[in-house]
Every structure is written in C-alpha cells, then in structure tokens.
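Structure file structure.txt (compact mmCIF, C-alpha atoms) follows.
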```
# COMPACT_ATOMS: atom_id res chain seq x y z
CA MET A 1 -13.42 168.19 139.38
CA MET A 2 -17.02 169.44 139.48
CA SER A 3 -19.65 167.51 141.42
CA ARG A 4 -22.87 166.66 139.65
CA PRO A 5 -26.30 166.69 141.30
CA ASP A 6 -28.66 163.79 140.76
CA ASN A 7 -30.84 164.31 137.70
CA VAL A 8 -33.41 162.48 135.65
CA ARG A 9 -30.75 162.16 132.96
CA PRO A 10 -27.61 161.21 134.89
CA TRP A 11 -24.33 162.93 134.06
CA GLN A 12 -21.22 160.83 133.67
CA SER A 13 -17.56 161.77 133.61
CA ILE A 14 -15.52 160.95 130.51
CA GLU A 15 -11.87 161.25 129.46
CA ILE A 16 -11.11 162.91 126.13
CA GLN A 17 -7.86 163.68 124.32
CA THR A 18 -7.34 167.34 123.30
CA ASP A 19 -4.46 169.40 121.95
CA ALA A 20 -3.61 170.26 125.57
CA GLY A 21 -3.66 166.65 126.74
CA ARG A 22 -6.26 164.40 128.32
CA LEU A 23 -8.93 165.99 130.46
CA THR A 24 -12.13 165.10 132.26
CA ALA A 25 -15.48 166.36 131.02
CA TRP A 26 -19.12 165.58 131.81
CA THR A 27 -21.82 164.41 129.45
CA VAL A 28 -25.46 163.42 129.31
CA GLY A 29 -26.11 160.85 126.61
CA GLY A 30 -23.25 162.03 124.45
CA VAL A 31 -25.24 165.14 123.47
CA ASP A 32 -24.75 167.70 126.23
CA PHE A 33 -21.17 168.19 127.44
CA GLU A 34 -19.83 170.34 130.25
CA ILE A 35 -16.37 171.48 131.34
CA SER A 36 -15.05 173.74 134.07
CA SER A 37 -13.08 176.76 132.88
CA ASN A 38 -10.39 175.94 135.47
CA ASP A 39 -9.85 172.45 134.06
CA ALA A 40 -9.16 173.43 130.46
CA PRO A 41 -8.34 177.15 130.00
CA ASN A 42 -5.88 176.55 127.15
CA VAL A 43 -7.94 174.01 125.18
CA SER A 44 -9.27 175.44 121.92
CA LEU A 45 -12.94 175.03 121.09
CA GLU A 46 -11.93 173.36 117.84
CA SER A 47 -9.80 170.80 119.66
CA PHE A 48 -12.54 170.13 122.18
CA ARG A 49 -15.06 169.67 119.38
CA ASP A 50 -12.81 167.18 117.57
CA ALA A 51 -12.12 165.31 120.82
CA VAL A 52 -15.83 165.06 121.57
CA PHE A 53 -16.58 163.55 118.19
CA GLU A 54 -13.69 161.16 118.51
CA TYR A 55 -15.28 160.05 121.76
CA LEU A 56 -18.68 159.68 120.10
CA GLU A 57 -17.21 157.49 117.34
CA SER A 58 -14.90 155.31 119.41
CA ASP A 59 -16.71 155.02 122.75
CA LEU A 60 -20.34 155.26 121.72
CA GLY A 61 -19.97 153.70 118.29
CA ARG A 62 -21.68 156.49 116.37
CA ASP A 63 -20.93 156.32 112.67
CA VAL A 64 -19.46 159.07 110.51
CA SER A 65 -22.83 159.97 109.02
CA ARG A 66 -24.22 160.65 112.50
CA LYS A 67 -21.17 162.77 113.26
CA ALA A 68 -21.65 164.79 110.09
CA ALA A 69 -25.32 165.32 110.84
CA SER A 70 -24.50 166.48 114.36
CA LEU A 71 -21.86 168.85 113.08
CA ASN A 72 -24.28 170.40 110.62
CA ASN A 73 -27.28 170.64 112.97
CA GLY A 74 -25.54 171.60 116.20
CA ASP A 75 -27.03 168.59 117.98
CA VAL A 76 -23.98 168.38 120.25
CA ASN A 77 -23.20 171.30 122.53
CA LEU A 78 -20.80 172.35 125.25
CA CYS A 79 -21.54 174.22 128.47
CA ILE A 80 -18.51 176.05 129.87
CA ASP A 81 -18.90 176.63 133.60
CA ASP A 82 -16.88 179.76 134.36
CA ARG A 83 -15.43 179.10 137.81
CA ASP A 84 -14.34 182.73 138.22
CA PRO A 85 -17.68 184.57 138.48
CA LEU A 86 -17.98 188.31 138.78
CA PRO A 87 -19.24 189.67 142.13
CA TRP A 88 -22.82 190.11 140.89
CA GLU A 89 -23.03 186.64 139.32
CA GLU A 90 -23.89 183.25 140.78
CA SER A 91 -23.22 180.55 138.18
CA PRO A 92 -22.08 182.07 134.86
CA MET A 93 -22.13 179.82 131.81
CA VAL A 94 -21.21 179.97 128.14
CA PHE A 95 -23.03 177.60 125.77
CA VAL A 96 -21.32 176.57 122.52
CA ASP A 97 -22.93 174.61 119.65
CA PHE A 98 -20.57 172.22 117.88
CA ILE A 99 -21.05 172.63 114.13
CA SER A 100 -18.66 172.27 111.20
CA GLY A 101 -16.71 175.24 109.93
CA PRO A 102 -14.34 177.92 111.28
CA GLU A 103 -16.99 179.64 113.43
CA LEU A 104 -19.04 178.29 116.33
CA PRO A 105 -22.33 179.71 117.68
CA PHE A 106 -22.28 180.55 121.37
CA GLU A 107 -24.69 182.08 123.87
CA LEU A 108 -24.18 183.85 127.19
CA SER A 109 -25.94 186.32 129.47
CA VAL A 110 -25.01 189.85 130.48
CA ARG A 111 -26.46 191.71 133.46
CA SER A 112 -26.94 195.28 134.55
CA ALA A 113 -28.26 197.10 137.60
CA LYS A 114 -30.29 199.37 135.30
CA ASN A 115 -32.26 199.02 132.08
CA ILE A 116 -30.24 199.87 128.97
CA PRO A 117 -31.79 200.84 125.61
CA LEU A 118 -31.47 197.79 123.39
CA ARG A 119 -29.86 199.59 120.44
CA ALA A 120 -27.24 201.17 122.72
CA LEU A 121 -26.47 197.80 124.33
CA VAL A 122 -26.20 196.05 120.96
CA SER A 123 -23.83 198.74 119.69
CA ARG A 124 -21.55 198.37 122.72
CA ILE A 125 -21.62 194.56 122.68
CA GLY A 126 -21.06 194.41 118.94
CA SER A 127 -17.95 196.60 119.22
CA ILE A 128 -16.45 194.44 121.97
CA LEU A 129 -17.15 191.22 120.08
CA GLU A 130 -15.39 192.61 117.01
CA GLU A 131 -12.27 193.26 119.09
CA TYR A 132 -12.11 189.53 119.81
CA GLY A 133 -12.88 188.46 116.24
CA CYS A 134 -16.49 187.55 117.11
CA ARG A 135 -19.80 188.89 115.82
CA LEU A 136 -23.46 188.87 116.71
CA ILE A 137 -25.56 186.27 114.89
CA SER A 138 -27.62 188.03 112.23
CA PRO A 139 -29.04 185.51 109.76
CA GLU A 140 -30.41 186.81 106.49
CA GLY A 141 -33.67 188.68 107.05
CA ILE A 142 -33.12 189.05 110.82
CA LYS A 143 -32.01 192.36 112.28
CA GLU A 144 -28.80 192.28 114.28
CA PHE A 145 -30.38 193.46 117.54
CA GLU A 146 -32.61 190.38 117.60
CA ALA A 147 -29.51 188.42 118.66
CA VAL A 148 -29.72 190.29 121.98
CA HIS A 149 -32.96 189.64 123.83
CA PHE A 150 -34.19 190.42 127.32
CA THR A 151 -34.59 187.54 129.76
CA SER A 152 -36.06 187.28 133.24
CA ASP A 153 -33.77 187.62 136.27
CA PRO A 154 -35.22 189.06 139.50
CA GLY A 155 -33.18 191.91 140.92
CA LEU A 156 -31.11 192.58 137.78
CA TYR A 157 -31.71 193.36 134.14
CA THR A 158 -30.46 190.46 132.01
CA TRP A 159 -29.96 189.96 128.29
CA SER A 160 -29.12 186.79 126.38
CA ILE A 161 -26.43 187.26 123.72
CA GLN A 162 -26.16 184.99 120.65
CA ALA A 163 -22.96 185.32 118.65
CA LEU A 164 -20.34 183.55 116.56
CA CYS A 165 -16.71 183.08 117.52
CA PRO A 166 -13.65 181.62 115.76
CA SER A 167 -13.28 177.94 116.60
CA SER A 168 -9.60 178.67 117.29
CA LEU A 169 -10.49 180.53 120.52
CA ASN A 170 -9.68 178.63 123.68
CA ILE A 171 -11.91 178.20 126.71
CA GLY A 172 -10.04 180.84 128.70
CA GLN A 173 -10.55 183.38 125.90
CA ILE A 174 -14.28 182.75 125.58
CA CYS A 175 -14.60 183.25 129.36
CA ALA A 176 -12.63 186.50 129.07
CA ILE A 177 -15.10 187.69 126.41
CA ARG A 178 -17.97 186.84 128.74
CA LYS A 179 -16.42 188.91 131.54
CA GLU A 180 -15.69 191.88 129.28
CA LEU A 181 -19.28 191.92 128.01
CA ASN A 182 -20.61 191.76 131.57
CA TYR A 183 -18.36 194.55 132.80
CA SER A 184 -19.49 196.69 129.90
CA SER A 185 -23.18 196.10 130.56
CA PHE A 186 -23.07 196.28 134.36
CA PHE A 187 -21.14 199.56 134.30
CA PHE A 188 -22.70 200.91 131.12
CA ASN A 189 -21.52 204.51 130.57
CA ASN A 190 -19.70 204.36 133.91
CA SER A 191 -23.02 203.97 135.71
CA PHE A 192 -21.49 203.41 139.14
CA SER A 193 -24.62 203.79 141.20
CA ASP A 194 -23.60 202.80 144.72
CA PRO A 195 -20.54 202.14 146.91
CA ARG A 196 -20.96 198.34 146.99
CA ALA A 197 -20.76 198.05 143.19
CA VAL A 198 -17.44 199.93 143.18
CA TYR A 199 -16.19 197.90 146.14
CA GLU A 200 -16.92 194.61 144.38
CA LEU A 201 -15.26 195.87 141.20
CA VAL A 202 -12.10 196.82 143.07
CA ARG A 203 -12.11 193.47 144.92
CA ALA A 204 -12.30 191.71 141.55
CA GLY A 205 -8.98 193.34 140.56
CA GLU A 206 -10.54 195.81 138.13
CA VAL A 207 -9.49 199.03 139.86
CA LYS A 208 -8.55 200.78 136.61
CA ARG A 209 -12.15 200.60 135.41
CA ILE A 210 -13.19 203.32 137.85
CA LEU A 211 -10.59 205.81 136.58
CA GLY A 212 -12.28 208.76 134.93
CA ILE A 213 -15.27 209.01 137.27
CA PRO A 214 -15.57 211.93 139.71
CA GLU A 215 -15.64 211.79 143.46
CA ASN A 216 -19.16 212.19 144.83
CA GLU A 217 -21.18 212.00 148.02
CA TRP A 218 -20.23 208.33 148.54
CA LEU A 219 -16.82 208.04 146.87
CA GLU A 220 -13.46 209.48 147.92
CA VAL A 221 -9.90 208.52 146.97
CA LYS A 222 -6.48 209.30 148.40
CA SER A 223 -3.07 208.76 146.87
CA ALA A 224 -1.21 208.14 150.15
CA PRO A 225 -1.86 206.01 153.24
CA TYR A 226 -2.93 207.75 156.44
CA GLU A 227 0.05 206.56 158.46
CA MET A 228 2.41 208.85 156.51
CA LYS A 229 1.54 211.47 159.17
CA ARG A 230 2.06 211.51 162.94
CA ASP A 231 0.38 208.70 164.89
CA LYS A 232 -2.51 210.56 166.50
CA GLN A 233 -2.98 212.85 163.52
CA TRP A 234 -3.46 210.07 160.97
CA GLN A 235 -5.73 208.15 163.32
CA CYS A 236 -7.97 211.20 163.79
CA GLU A 237 -8.09 211.89 160.05
CA LEU A 238 -8.97 208.28 159.27
CA ALA A 239 -11.71 208.29 161.91
CA GLU A 240 -13.17 211.57 160.62
CA ASP A 241 -13.17 210.44 156.98
CA VAL A 242 -14.89 207.16 157.81
CA ALA A 243 -17.36 208.76 160.25
CA ARG A 244 -18.41 211.26 157.56
CA PHE A 245 -19.64 208.41 155.40
CA ALA A 246 -21.23 206.63 158.37
CA ASN A 247 -23.23 209.77 159.17
CA SER A 248 -24.39 210.20 155.55
CA GLU A 249 -27.51 208.74 153.97
CA TYR A 250 -25.79 206.39 151.50
CA GLY A 251 -22.67 205.27 153.35
CA GLY A 252 -19.60 205.37 151.16
CA ILE A 253 -16.36 203.94 149.92
CA LEU A 254 -12.87 205.25 150.60
CA ILE A 255 -10.09 204.01 148.29
CA LEU A 256 -6.39 204.56 149.03
CA GLY A 257 -3.98 204.20 146.12
CA ILE A 258 -5.65 206.39 143.47
CA ARG A 259 -4.75 209.98 142.57
CA SER A 260 -7.45 212.50 141.64
CA GLU A 261 -7.16 215.67 139.57
CA LYS A 262 -9.33 218.78 139.40
CA GLU A 263 -11.50 219.02 136.28
CA ASP A 264 -14.21 221.65 135.95
CA GLY A 265 -14.22 222.12 139.69
CA ARG A 266 -14.57 218.40 140.49
CA ASP A 267 -12.05 215.84 141.69
CA VAL A 268 -11.81 213.12 139.02
CA LEU A 269 -10.08 209.76 139.56
CA ARG A 270 -7.14 209.85 137.15
CA LYS A 271 -4.09 207.74 138.05
CA MET A 272 -3.13 204.67 140.00
CA ALA A 273 -0.84 205.43 142.93
CA PRO A 274 -0.29 202.01 144.56
CA LEU A 275 0.56 201.95 148.25
CA PRO A 276 3.62 200.07 149.53
CA ILE A 277 2.46 196.65 150.69
CA ASP A 278 1.97 196.56 154.46
CA ARG A 279 0.44 193.38 155.87
CA LYS A 280 -0.41 195.13 159.16
CA ARG A 281 -2.27 198.07 157.60
CA VAL A 282 -5.76 196.53 157.56
CA HIS A 283 -5.42 195.39 161.18
CA ASN A 284 -4.06 198.78 162.29
CA TYR A 285 -6.90 200.67 160.59
CA HIS A 286 -9.51 198.44 162.22
CA GLN A 287 -7.93 198.99 165.64
CA SER A 288 -7.71 202.75 165.14
CA LEU A 289 -11.35 203.04 164.06
CA ASP A 290 -12.51 200.91 166.97
CA ALA A 291 -10.71 203.29 169.32
CA HIS A 292 -11.83 206.58 167.78
CA VAL A 293 -15.32 206.12 166.31
CA HIS A 294 -18.37 205.63 168.54
CA PRO A 295 -20.59 203.69 168.26
CA PRO A 296 -18.79 201.01 166.20
CA ILE A 297 -19.68 201.09 162.50
CA GLU A 298 -21.77 198.10 161.47
CA ARG A 299 -20.50 195.82 158.63
CA LEU A 300 -17.42 197.96 158.00
CA LYS A 301 -15.12 196.26 155.49
CA ILE A 302 -11.43 197.03 154.92
CA GLU A 303 -9.66 195.06 152.23
CA SER A 304 -6.25 195.12 150.60
CA VAL A 305 -6.22 194.45 146.85
CA PRO A 306 -2.88 193.61 145.17
CA VAL A 307 -2.08 195.67 142.05
CA ASP A 308 1.02 196.20 139.94
CA GLY A 309 3.52 198.08 142.09
CA GLY A 310 1.87 197.54 145.46
CA GLU A 311 -1.67 197.47 146.80
CA VAL A 312 -4.89 199.45 146.90
CA LEU A 313 -6.83 199.69 150.15
CA CYS A 314 -10.62 199.75 150.02
CA LEU A 315 -12.85 200.78 152.95
CA LEU A 316 -16.58 200.14 152.51
CA ILE A 317 -18.93 201.91 154.92
CA PRO A 318 -22.49 200.57 154.38
CA PRO A 319 -25.50 202.81 155.12
CA GLN A 320 -25.99 202.87 158.88
CA PRO A 321 -29.28 202.67 160.84
CA GLU A 322 -30.57 206.14 161.67
CA GLU A 323 -30.99 205.23 165.33
CA ARG A 324 -27.21 204.73 165.62
CA LYS A 325 -26.36 208.19 164.31
CA PRO A 326 -24.57 210.44 164.81
CA PHE A 327 -21.21 208.67 164.89
CA LEU A 328 -18.77 210.52 167.12
CA VAL A 329 -15.02 210.88 166.66
CA GLN A 330 -13.03 210.77 169.90
CA GLY A 331 -9.99 213.05 169.80
CA ALA A 332 -8.99 215.93 167.51
CA PHE A 333 -6.08 218.21 166.66
CA PHE A 334 -6.36 221.81 167.87
CA ASP A 335 -3.62 224.39 167.37
CA GLY A 336 -1.32 221.59 166.26
CA LYS A 337 -1.84 219.55 169.41
CA TYR A 338 -3.80 216.37 169.98
CA GLN A 339 -6.75 216.89 172.31
CA ARG A 340 -8.02 213.51 173.51
CA GLY A 341 -11.05 214.99 175.29
CA MET A 342 -12.45 216.69 172.19
CA ILE A 343 -15.34 215.03 170.36
CA SER A 344 -16.32 215.90 166.79
CA ILE A 345 -19.29 215.00 164.60
CA VAL A 346 -18.83 215.27 160.84
CA ARG A 347 -20.86 214.19 157.83
CA ARG A 348 -20.59 214.29 154.06
CA ARG A 349 -22.75 216.23 151.62
CA GLY A 350 -21.87 216.03 147.95
CA GLU A 351 -18.09 216.04 147.61
CA HIS A 352 -17.57 218.12 150.73
CA SER A 353 -17.50 217.49 154.46
CA ILE A 354 -19.63 219.61 156.76
CA PRO A 355 -19.85 219.69 160.56
CA VAL A 356 -23.00 218.80 162.41
CA THR A 357 -24.25 222.00 164.03
CA ALA A 358 -24.83 222.49 167.74
CA ARG A 359 -28.55 222.95 167.01
CA GLU A 360 -28.72 219.55 165.27
CA ILE A 361 -26.84 217.83 168.10
CA HIS A 362 -29.17 219.41 170.67
CA ALA A 363 -32.26 218.39 168.66
CA ALA A 364 -31.00 214.79 168.48
CA LEU A 365 -30.37 214.72 172.24
CA VAL A 366 -33.79 216.19 172.99
CA ALA A 367 -35.48 213.69 170.66
CA GLY A 368 -33.56 210.87 172.31
CA ARG A 369 -34.56 211.96 175.80
CA ALA A 370 -38.20 212.34 174.75
CA LEU A 371 -38.15 208.86 173.21
CA LEU A 372 -36.54 207.46 176.35
CA ARG A 373 -39.14 209.12 178.61
CA GLY A 374 -41.91 207.73 176.44
CA GLU A 375 -40.48 204.23 176.62
CA VAL A 376 -40.06 204.49 180.41
CA ARG A 377 -43.67 205.67 180.85
CA LYS A 378 -44.91 202.88 178.61
CA THR A 379 -42.97 200.30 180.60
CA LEU A 380 -44.20 201.67 183.95
CA GLY A 381 -47.77 201.66 182.67
CA GLU A 382 -47.46 198.06 181.58
CA LEU A 383 -46.05 197.10 184.98
CA GLU A 384 -48.88 198.90 186.77
CA GLY A 385 -51.46 197.13 184.64
CA TYR A 386 -49.80 193.80 185.36
CA ARG A 387 -49.86 194.47 189.11
CA ASN A 388 -53.54 195.44 189.02
CA SER A 389 -54.45 192.31 187.10
CA GLU A 390 -52.49 190.17 189.54
CA GLY A 391 -54.26 191.82 192.47
CA GLU A 392 -57.69 191.22 190.94
CA GLY A 393 -56.79 187.62 190.35
CA LEU A 394 -55.73 187.08 193.97
CA GLY A 395 -58.88 188.66 195.34
CA SER A 396 -61.36 186.76 193.19
```

Show the structure stored in the file as structure tokens.
Amino acid sequence: MMSRPDNVRPWQSIEIQTDAGRLTAWTVGGVDFEISSNDAPNVSLESFRDAVFEYLESDLGRDVSRKAASLNNGDVNLCIDDRDPLPWEESPMVFVDFISGPELPFELSVRSAKNIPLRALVSRIGSILEEYGCRLISPEGIKEFEAVHFTSDPGLYTWSIQALCPSSLNIGQICAIRKELNYSSFFFNNSFSDPRAVYELVRAGEVKRILGIPENEWLEVKSAPYEMKRDKQWQCELAEDVARFANSEYGGILILGIRSEKEDGRDVLRKMAPLPIDRKRVHNYHQSLDAHVHPPIERLKIESVPVDGGEVLCLLIPPQPEERKPFLVQGAFFDGKYQRGMISIVRRRGEHSIPVTAREIHAALVAGRALLRGEVRKTLGELEGYRNSEGEGLGS
C-alpha cells in the first residue's frame, strides 16, 4: 500500500469492488483517485470507473444526475502510479479522465536525452498508440501534433502526450503503453549516446533493443564468457579489454552474451547468445580485475541480467579521472606463455584497440615527476615561510 504525504487536501484510503475483486485506492474528496500499478494490474479502466462511481453513489451519497454530469465532463479522474519506473524516471504517472463511452482520455509524459523534431515524435508516438488501439486526441479544428506539447524538465527533454484509449484496457496495459512510448522517445532512432544509457537499458531487461546498433568507441560485445579459455589467458584478456575503456575519454560498456556480425566493415550487434548462468562469475571477474588492473577502476559495475536461455553480463566502465591514467595491466601472454612480470598499457580509439607508445608513457612519467617536484618545492617554501614567521614572532 502506498503512503500518502500530508497535504492541504488530505488523501484517504477507500475500498472499491472491481471485476478483479476488492482493492484499496486513494482519493481526495471523491474527485481525484489514485492507484498503484502493482495493486491492480489486471483491473480494467472500465471496471475501475464503474467501481468509483458506485462508491460515489453509495458511500458519498451522490445522486445519479451528479454521476452523469461527472461522466460527461471528466470531473473525476484517476492517477496511476507506475511502480516500475524506467532507469531515467523518478515517479512516472498516467492520468485518466473518467467519462462515459468506450474511450477514455489519458495523459502521460515521455522523455528523451536529446531534442526531437515535434512532427517526427508525433509520427512515432502515433504509430505506437495505434498498435495498442489508442490514438492521439485531435478534436475538430485542432491539428494532431497539438496533442503532444513540450514541458519543462531540467536535464531531459520532456513532452506531454494526450490520447484516447479503449476503456477495456487494464492498468497493466496502460503502463506498458507508457513504457513503450518512453523507450521510443528516449532511444529515438537508436540514439544511444553514452555507455550509461545502454547499461540502464540492459539492466531493465531490454537487451534486445540494442540489437542492430554497431560497436563503437565505448561499446563492445562478446558472444562467449572469458573463462572459456585458460585461467591466466582469460584473466589477462578481461583486464586488457576493461583497461582499454578505462584509458579512453568516454569510458565504455562491455556486454557478454551478444553476437556481432560484420556489415560494411563494422561490427553490428545482431543476435542474442545468452551465457550459461554462473552465480560466481561476477565475483570472479571483480577479483580478477582487482588483481590485474592498476590502479583500481573507480565505480566499475558488473551485473548479471537474466534473459531467456541464460544470462547477459554487463560491465560498465565510467569515464576515469585523467590524473589516474594510464591504467596498467599486470601480466601478459608472450609466445604462448604467461609472463607475470610484463606490464601493458592499452586504450581504445573508435572500434579498435591501440597500444600506448613508449613516447607517451615517457611523457606521462616526465610530467608526473615535474608535477611532483613542483609540489615538493611549494611545500618546502611554505614550511620555510612558516619557520621565518615563527622566528620573527619569538624575537619580537
């Protein structure tokens, strides 16, 4: 049951009888109603509407004429609190007006990390709504795209959508429509712009949505787990692949359980290739990276995501502070043998991995020594000034 904050107009819990049985809802004055998506996923909007008006007649004593007026004017409305938000959402809601007839007006918001031309967004949203038997509200004399209008939301682009849906839809279905519209807007034209967005999408169980996009400077996939090879070999390969992203400008994401195929010279994510479930894999990868990558990678995330047929493993490497680079890999294979004493430095540029040159390593070491000498001189100077001031104070 949802908890309600104190408000000028206090909310109260009520019991109503629906086609799926009795359930608890919240109301303010018998006008505004609210329900959690988890509490009533299989209750149809039509049944909820009828139950609400039964409550208004029997519990609040409203007469039939008042009920009819409310049904015609949409005076009574329902807020559906979707308790399964998407990673980029905080408190998603769907608002439904209770009117008479086979269709009910509803409103929701969609978000995107980039601005989308209104006509293109309306076309995409309209097509998705049609698949669910819904349609954008377009009263006579009003153009269809006016049912989609920009709203204010710091940090993201947000649009408010006004549409009509069949009253036979249930609460779970209307929440599914809301999610589908948000996925479509947030990843408009496969606009995967950074590793974290892909990571959150995979975590949300929507791995298949990234199929069709190419690997790039921050995205790489593999169809098999590292441990299919010899112990030291797979540990070195894992460390090198992760260190490449750590040494790059944008960080990156490494996904195991997806197969890529060459298309026009690029590796494109094409098929799911779920890994066998191994409950020790995440722990083993963390241990291996701790042992082979120096310094430790900040905010590294490794997560197993269940999918049909197994699991997908997702490794997120956030952008690292420049002062911590380069990240070194301890150990390497040379002439087929593991050499523990060897140290390698690798980084990623575009879709390819490149070594850090000896000149770049030397320049970084020289810069570090110069910075260290400068800091030492500064500290010594401060100490000398402190001593002089102390001496003057004692002699005065």

Can you tell me how far CA of Val293 (chain A) sits from CA of Val329 (chain A), in Å to one decimal?
4.8 Å

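Nearest to Asp39 (chain A) of all the residues A:Arg111, A:Lys325, A:Arg83, A:His283 is A:Arg83, counting only C-alpha atoms.
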
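The space between CA of Asp81 (chain A) and CA of Tyr55 (chain A) spans 20.7 Å.
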
Show me, as a ChimeraX atom specification, the residues that have an atom within 12 Å of Asp153 (chain A) when counting all atoms listed in the file, minus same-chain residues fewer than 2 positions from it.
/A:89-90,109-113,150-151,155-160

What are the closest atom pairs, with distances in Å to one decimal, for each residue of region 278-330 of chain A lying within 10 Å of region 199-204 of chain A, using all atoms listed in the file, rows by chain and rising residue number, as CSV?
```
residue,atom,partner,partner_atom,distance
A:Lys301,CA,A:Tyr199,CA,9.6
A:Glu303,CA,A:Arg203,CA,7.9
A:Ser304,CA,A:Arg203,CA,8.3
A:Val305,CA,A:Arg203,CA,6.3
A:Pro306,CA,A:Arg203,CA,9.2
A:Val312,CA,A:Val202,CA,8.6
A:Leu313,CA,A:Val202,CA,9.3
A:Cys314,CA,A:Tyr199,CA,7.0
A:Leu315,CA,A:Tyr199,CA,8.1
A:Leu316,CA,A:Tyr199,CA,6.8
```

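Taking CA of Ile297 (chain A) and CA of Ala246 (chain A) as endpoints, the distance between them is 7.1 Å.
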
Ref. answer, residues at most 10 Å from (-19.5, 202.9, 135.8) with all atoms listed in the file, as a list in words
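Every residue inside that radius is included here: Tyr183, Ser184, Ser185, Phe186, Phe187, Phe188, Asn189, Asn190, Ser191, Phe192, Ser193, Asp194, Ala197, Val198, Leu201, Arg209, Ile210, Leu211, Gly212 and Ile213 of chain A.
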
Need the shell around Pro296 (chain A): protein/DNA/RNA residues with any atom at most 10 Å away, counting all atoms listed in the file. Skip same-chain ones fewer than 5 positions apart. Format as a ChimeraX atom specification?
/A:243,246,289-291,324,327-328

Centre and edge lengths, as JSON, for the axis-aligned box enclosing every listed atom of region 321-330 of chain A with 4 Å of padding on each of the six sides, in Å to one decimal?
```
{"center_x": -22.0, "center_y": 206.8, "center_z": 165.4, "size_x": 26.0, "size_y": 16.2, "size_z": 17.1}
```

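Using only C-alpha atoms, the shortest contact distance between Asn38 (chain A) and any of A:Leu136, A:Val96, A:Cys175, A:Leu86 is found at A:Cys175.
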
Excluding same-chain residues fewer than 5 positions from Tyr285 (chain A), what lies within 9 Å of it counting all atoms listed in the file, as a list in words?
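Listing them by chain and then by number gives Gln235, Leu238, Lys280, Asp290 and Ile302 of chain A.
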
Could you list, as a PyMOL selection string, every residue within 8 Å of region 9-24 of chain A, counting all atoms listed in the file and ignoring same-chain residues fewer than 5 positions away?
chain A and resi 1+4+29+35+39-40+42-44+47-48+50-52+55
